[in-house]
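These notes concern the structure reproduced below.
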Amino acid sequence: MATASGKYKRTNTNGMQHQPLDVAIVGGGLVGSLLALHLGKKGHEVNLYEYREDIRTAELVIGRSINLALSARGRRALAEVGLEEALLEHGIPMSGRMLHDVHGNRKIVPYDANTNQCIYSVGRKHLNEVLLNAAEKFPNIHLHFNHKLVNANLDEGNLSMVDPQTKEVKSAKADLIVGCDGAYSAVRKEIVKRPRYDFSQTYIEHGYLELCIPPKADGEFAMPHNYLHIWPRGQFMMIALPNQDRTWTVTLFMPFTQFHSITDQERLLEFFRQYFPDAIELIGRERLIKDFFKTKPQSLVMIKCQPYHVGSKALIIGDAAHAMVPFYGQGMNAGFEDCSVLTELFNKYGADLTRILPEFSEQRWEDAHAICDLAMYNYIEMRDLVTKRSYLLRKKLDELLFWLLPNTWVPLYNSVSFSHMRYSKCIANRAWQDKILTRVLYGASFASIAAIGALGYRHVTVGHLDRLSSAILSTFQLLKPKASV
């Protein structure tokens with residue numbers, strides 16, 4: 001609702017009037033531009049500051065972006081600003097994983113065999129452009145590019161920025177500063193300076209490098225396109241996600257020591273012949289050599305911190321608050337969910353930042369830490385466990401129980417990717433399932449031994465009991481999770 005002066009007045013859930021806030025969002029990437037829409041839609045005056053040039057007119061930087069997988073949490077946040085359907089039309093549905101072994105054989109592992117739910121492969125640049133275009137339509141959302149934050153007084157809401165090209169210094173003041181500026185957040189650097197602030201940064205020993213599979217000669221996809229393709233190789237792996245132009249974004253994840261051991265094209269081709277022989281033809285020999293040596297492998301970092309706010313003036317969300325490795329496809333989705341959670345708190349408390357910001361930190365940090373841990377676990381699953389008999393058996397059992405008890409037994413992947421269950425609850429739910437299976441298996445073993453003793457103890461030897469116990473123990477080991485989350 002606009003007043004005579006052109007300012008907005010909004011009504012909170014209790015019917016109380018409040019003046020709009022002046023909000024400064026630092027970071028014009030995916031989370032920052034979506035948050036601008038969420039807050040702009042509520043009538044707040046939003047200034048979005050991005051240190052890079054406008055991505056809509058910039059060329060895509062090769063080797064610095066991992067393809068995005070849009071799932072339930074991200075979809076809800078987009079739906080709240082009316083953009084879900086537009087992005088789903090652009091996205092490519094992926095209903096499961098397609099595993100490639102070293103002989104070129106392929107095997108499909110559905111994400112959800114019961115309901116055929118899927119995630120969507122979306123282009124980072126396209127998604128960012130859609131969000132910025134939508135934000136630009138709001139008269140109370142203002143986009144500022146080439147604004148790099150160099151200093152901030154978070155207690156007073158003051159910002160100092162510089163144009164990286166002209167070196168011109170600019171200043172701004174806001175009622176609320178929100179850092180959406182990624183894993184190396186300038187806003188978070190200001191927060192970390194404060195006493196007793198919890199912060200951890202962990203680089204894993206694995207890096208990533210992007211390659212590309214072009215379309216076939218007829219312009220079609222080179223592989224079945226409704227799957228996330230994985231080449232699991234134990235300590236490393238390669239994945240491929242489909243793009244709208246019929247290409248595939250291929251990402252090779254492996255230890256830096258292994259990257260550094262590949263120093264020339266002969267060693268590269270030997271490595272691919274041994275581990276990814278089918279990919280050589282898909283990528284093309286010359287293109288593989290060119291793309292591999294064109295850029296250096298990039299680092300992967302996990303960041304945990306708390307709290308996410310400073311008083312009633314500043315907040316960090318998205319990767320600035322909880323950067324994670326990309327193996328659960330939840331980095332963007334978790335950041336988008338931050339926007340939904342924050343919007344819910346604005347709906348609950350109006351513009352009372354003294355209540356909104358502390359509650360956001362308290363509600364969100366445990367879930368953020370949980371998905372960071374789950375993302376690390378899923379790397380082990382994707383590169384190694386998906387090929388194990390134990391993993392496939394447990395997945396089949398989870399699918400059966402989910403089909404029988406859909407409201408009680410929700411598999412871990414389903415709860416993370418296809419529900420809005422809190423991430424911390426997803427882990428607790430999995431732990432409960434493991435506990436139930438353990439009890440059932442141990443109970444079955446004792447019941448079997450007791451039954452044999454009651455029905456035919458005279459003819460049962462110690463050897464029979466040993467073999468039965470071994471069989472039961474083997475079954476238990478197959479169903480027992482091989483990696484903790």
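How things are named: the first chain in the structure tokens is A, the next is B, and so on; residues count from 1 in each chain; ligands count from 1 in the order shown.
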Polymer residues at most 8 Å from segment 285-301 of chain A, only C-alpha atoms, same-chain spacing of 4 or more positions, as a ChimeraX atom specification:
/A:63-64,183,201-204,206-212,256,259,265,268,280-281,323-325
For His90 of chain A, find every residue with an atom within 10 Å (counting only C-alpha atoms), except residues of its own chain fewer than 2 positions away, and show them as a list in words.
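Counting only C-alpha atoms, the residues come to Glu85, Ala86, Leu87, Leu88, Ile92, Pro93, Tyr120, Ser121, Val122, Gly123, His126, Leu127, Asn243 and Gln244 of chain A.
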Quick one: residues within 10 Å of His229 of chain A, only C-alpha atoms, excluding same-chain residues fewer than 3 positions away - as a tab-separated table (two decimals) with N, CA and C atoms, in the first residue's frame?
chain	number	residue	atom	x	y	z
A	94	MET	N	15.30	-34.28	-13.77
A	94	MET	CA	16.16	-35.45	-13.61
A	94	MET	C	15.53	-36.35	-12.55
A	96	GLY	N	16.54	-39.40	-11.57
A	96	GLY	CA	17.43	-40.31	-10.86
A	96	GLY	C	18.86	-40.17	-11.32
A	97	ARG	N	19.69	-41.04	-10.81
A	97	ARG	CA	21.09	-41.08	-11.20
A	97	ARG	C	21.30	-42.18	-12.24
A	98	MET	N	22.14	-41.91	-13.21
A	98	MET	CA	22.57	-42.94	-14.15
A	98	MET	C	24.06	-43.17	-13.92
A	99	LEU	N	24.39	-44.37	-13.46
A	99	LEU	CA	25.75	-44.69	-13.08
A	99	LEU	C	26.51	-45.32	-14.25
A	100	HIS	N	27.73	-44.86	-14.48
A	100	HIS	CA	28.59	-45.38	-15.53
A	100	HIS	C	29.75	-46.15	-14.89
A	106	ARG	N	25.80	-48.79	-18.08
A	106	ARG	CA	25.02	-47.79	-17.35
A	106	ARG	C	23.92	-48.44	-16.53
A	107	LYS	N	23.66	-47.87	-15.37
A	107	LYS	CA	22.63	-48.39	-14.48
A	107	LYS	C	21.85	-47.22	-13.90
A	108	ILE	N	20.52	-47.32	-13.92
A	108	ILE	CA	19.65	-46.26	-13.41
A	108	ILE	C	19.30	-46.52	-11.95
A	223	MET	N	23.58	-38.25	-24.32
A	223	MET	CA	23.18	-39.28	-23.36
A	223	MET	C	21.72	-39.03	-22.97
A	224	PRO	N	21.06	-40.04	-22.37
A	224	PRO	CA	19.70	-39.80	-21.86
A	224	PRO	C	19.71	-38.61	-20.90
A	225	HIS	N	18.85	-37.62	-21.15
A	225	HIS	CA	19.02	-36.34	-20.49
A	225	HIS	C	18.19	-36.14	-19.23
A	226	ASN	N	17.36	-37.07	-18.85
A	226	ASN	CA	16.56	-36.89	-17.65
A	226	ASN	C	17.18	-37.56	-16.42
A	232	PRO	N	31.17	-43.03	-10.71
A	232	PRO	CA	31.75	-43.18	-9.36
A	232	PRO	C	33.01	-44.06	-9.41
A	238	MET	N	33.12	-38.30	-11.46
A	238	MET	CA	32.76	-37.31	-12.45
A	238	MET	C	31.24	-37.30	-12.57
A	239	ILE	N	30.65	-36.12	-12.73
A	239	ILE	CA	29.20	-36.03	-12.90
A	239	ILE	C	28.90	-35.19	-14.14
A	240	ALA	N	27.68	-35.32	-14.66
A	240	ALA	CA	27.26	-34.52	-15.81
A	240	ALA	C	25.79	-34.14	-15.66
A	241	LEU	N	25.50	-32.85	-15.86
A	241	LEU	CA	24.13	-32.35	-15.81
A	241	LEU	C	23.76	-31.76	-17.16
A	242	PRO	N	22.52	-31.98	-17.60
A	242	PRO	CA	22.10	-31.52	-18.93
A	242	PRO	C	21.80	-30.02	-18.96
A	248	TRP	N	26.28	-30.84	-22.06
A	248	TRP	CA	26.34	-31.33	-20.68
A	248	TRP	C	27.46	-30.60	-19.95
A	250	VAL	N	30.03	-31.06	-17.35
A	250	VAL	CA	30.70	-32.20	-16.73
A	250	VAL	C	31.65	-31.67	-15.66
Considering only helix (DSSP H, G or I) as DSSP defines it on the backbone, what residues of segment 252-343 of chain A qualify? List them as an MDAnalysis selection string.
chainID A and resid 256:261 265:275 277:283 285:294 319:322 326:328 331:343
Put those residues in a file: N, CA and C atoms, as a short mmCIF file (atom, residue, chain, number, x, y, z; two decimals), in the first residue's frame.
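Now in selection.cif:
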data_model
loop_
_atom_site.label_atom_id
_atom_site.label_comp_id
_atom_site.auth_asym_id
_atom_site.auth_seq_id
_atom_site.Cartn_x
_atom_site.Cartn_y
_atom_site.Cartn_z
N PHE A 256 43.42 -33.00 -5.09
CA PHE A 256 44.35 -32.13 -5.80
C PHE A 256 45.63 -32.86 -6.19
N THR A 257 46.05 -33.81 -5.36
CA THR A 257 47.27 -34.56 -5.68
C THR A 257 47.11 -35.30 -6.99
N GLN A 258 45.90 -35.80 -7.24
CA GLN A 258 45.65 -36.51 -8.49
C GLN A 258 45.59 -35.55 -9.67
N PHE A 259 44.96 -34.40 -9.46
CA PHE A 259 44.97 -33.37 -10.51
C PHE A 259 46.41 -33.00 -10.88
N HIS A 260 47.22 -32.79 -9.87
CA HIS A 260 48.59 -32.33 -10.11
C HIS A 260 49.46 -33.39 -10.78
N SER A 261 49.05 -34.66 -10.67
CA SER A 261 49.83 -35.73 -11.29
C SER A 261 49.61 -35.81 -12.79
N GLN A 265 49.14 -34.21 -21.91
CA GLN A 265 47.99 -34.85 -22.55
C GLN A 265 48.08 -36.36 -22.57
N GLU A 266 49.29 -36.92 -22.61
CA GLU A 266 49.43 -38.37 -22.59
C GLU A 266 48.92 -38.94 -21.28
N ARG A 267 49.31 -38.30 -20.17
CA ARG A 267 48.85 -38.77 -18.86
C ARG A 267 47.35 -38.55 -18.69
N LEU A 268 46.84 -37.47 -19.25
CA LEU A 268 45.41 -37.22 -19.18
C LEU A 268 44.63 -38.31 -19.91
N LEU A 269 45.03 -38.62 -21.12
CA LEU A 269 44.32 -39.63 -21.90
C LEU A 269 44.47 -41.02 -21.27
N GLU A 270 45.62 -41.30 -20.72
CA GLU A 270 45.82 -42.59 -20.03
C GLU A 270 44.89 -42.69 -18.83
N PHE A 271 44.78 -41.58 -18.08
CA PHE A 271 43.90 -41.54 -16.91
C PHE A 271 42.44 -41.77 -17.33
N PHE A 272 41.98 -41.09 -18.38
CA PHE A 272 40.60 -41.25 -18.82
C PHE A 272 40.35 -42.63 -19.42
N ARG A 273 41.34 -43.18 -20.12
CA ARG A 273 41.15 -44.54 -20.66
C ARG A 273 40.98 -45.55 -19.54
N GLN A 274 41.63 -45.32 -18.43
CA GLN A 274 41.56 -46.26 -17.31
C GLN A 274 40.26 -46.11 -16.52
N TYR A 275 39.83 -44.86 -16.29
CA TYR A 275 38.71 -44.63 -15.38
C TYR A 275 37.42 -44.15 -16.06
N PRO A 277 36.58 -44.37 -19.78
CA PRO A 277 36.81 -44.61 -21.21
C PRO A 277 35.66 -44.14 -22.10
N ASP A 278 34.41 -44.27 -21.64
CA ASP A 278 33.28 -43.85 -22.47
C ASP A 278 33.19 -42.34 -22.59
N ALA A 279 33.78 -41.61 -21.63
CA ALA A 279 33.70 -40.16 -21.65
C ALA A 279 34.61 -39.54 -22.71
N ILE A 280 35.64 -40.26 -23.13
CA ILE A 280 36.55 -39.71 -24.14
C ILE A 280 35.79 -39.45 -25.44
N GLU A 281 35.01 -40.42 -25.85
CA GLU A 281 34.23 -40.25 -27.08
C GLU A 281 33.14 -39.21 -26.90
N LEU A 282 32.51 -39.19 -25.72
CA LEU A 282 31.44 -38.24 -25.48
C LEU A 282 31.94 -36.80 -25.50
N ILE A 283 33.07 -36.56 -24.85
CA ILE A 283 33.63 -35.21 -24.79
C ILE A 283 34.36 -34.86 -26.08
N ARG A 285 38.29 -36.19 -27.94
CA ARG A 285 39.68 -36.22 -27.50
C ARG A 285 40.30 -34.82 -27.44
N GLU A 286 40.20 -34.07 -28.51
CA GLU A 286 40.83 -32.76 -28.57
C GLU A 286 40.19 -31.78 -27.59
N ARG A 287 38.86 -31.85 -27.48
CA ARG A 287 38.17 -30.95 -26.56
C ARG A 287 38.53 -31.28 -25.11
N LEU A 288 38.65 -32.56 -24.79
CA LEU A 288 39.04 -32.98 -23.45
C LEU A 288 40.39 -32.38 -23.07
N ILE A 289 41.36 -32.51 -23.97
CA ILE A 289 42.70 -31.98 -23.70
C ILE A 289 42.66 -30.47 -23.53
N LYS A 290 41.95 -29.80 -24.41
CA LYS A 290 41.88 -28.34 -24.36
C LYS A 290 41.21 -27.85 -23.07
N ASP A 291 40.05 -28.42 -22.74
CA ASP A 291 39.30 -27.95 -21.57
C ASP A 291 40.00 -28.30 -20.26
N PHE A 292 40.64 -29.46 -20.21
CA PHE A 292 41.27 -29.89 -18.96
C PHE A 292 42.41 -28.95 -18.59
N PHE A 293 43.21 -28.57 -19.56
CA PHE A 293 44.39 -27.75 -19.26
C PHE A 293 44.11 -26.24 -19.39
N LYS A 294 42.88 -25.88 -19.73
CA LYS A 294 42.54 -24.47 -19.90
C LYS A 294 42.45 -23.75 -18.56
N ASP A 319 25.40 -18.73 1.24
CA ASP A 319 26.78 -19.18 1.40
C ASP A 319 27.57 -18.32 2.37
N ALA A 320 27.20 -17.07 2.54
CA ALA A 320 27.89 -16.22 3.50
C ALA A 320 27.76 -16.78 4.91
N ALA A 321 26.64 -17.48 5.17
CA ALA A 321 26.39 -18.05 6.49
C ALA A 321 26.73 -19.53 6.58
N HIS A 322 26.59 -20.25 5.46
CA HIS A 322 26.75 -21.71 5.52
C HIS A 322 27.17 -22.26 4.16
N PRO A 326 29.23 -29.15 -2.84
CA PRO A 326 28.03 -29.20 -3.69
C PRO A 326 27.37 -30.56 -3.86
N PHE A 327 27.72 -31.54 -3.03
CA PHE A 327 27.37 -32.92 -3.37
C PHE A 327 25.95 -33.33 -3.02
N TYR A 328 25.21 -32.49 -2.32
CA TYR A 328 23.79 -32.80 -2.10
C TYR A 328 22.91 -31.92 -2.97
N GLY A 331 23.10 -26.31 -1.86
CA GLY A 331 23.62 -24.99 -1.56
C GLY A 331 22.66 -23.88 -1.94
N MET A 332 22.22 -23.87 -3.18
CA MET A 332 21.25 -22.87 -3.63
C MET A 332 19.91 -23.07 -2.92
N ASN A 333 19.46 -24.30 -2.80
CA ASN A 333 18.17 -24.57 -2.18
C ASN A 333 18.14 -24.14 -0.72
N ALA A 334 19.25 -24.36 0.00
CA ALA A 334 19.32 -23.91 1.40
C ALA A 334 19.31 -22.40 1.48
N GLY A 335 20.02 -21.73 0.56
CA GLY A 335 20.02 -20.27 0.53
C GLY A 335 18.64 -19.71 0.21
N PHE A 336 17.97 -20.34 -0.73
CA PHE A 336 16.60 -19.92 -1.06
C PHE A 336 15.66 -20.16 0.12
N GLU A 337 15.87 -21.27 0.82
CA GLU A 337 15.03 -21.53 1.99
C GLU A 337 15.28 -20.48 3.07
N ASP A 338 16.51 -19.97 3.18
CA ASP A 338 16.77 -18.85 4.09
C ASP A 338 15.81 -17.70 3.81
N CYS A 339 15.62 -17.40 2.52
CA CYS A 339 14.71 -16.32 2.13
C CYS A 339 13.28 -16.60 2.61
N SER A 340 12.85 -17.85 2.46
CA SER A 340 11.50 -18.22 2.90
C SER A 340 11.36 -18.08 4.42
N VAL A 341 12.36 -18.57 5.15
CA VAL A 341 12.31 -18.51 6.62
C VAL A 341 12.30 -17.05 7.07
N LEU A 342 13.15 -16.22 6.46
CA LEU A 342 13.21 -14.81 6.84
C LEU A 342 11.88 -14.11 6.53
N THR A 343 11.29 -14.43 5.39
CA THR A 343 10.00 -13.83 5.03
C THR A 343 8.91 -14.24 6.02
#
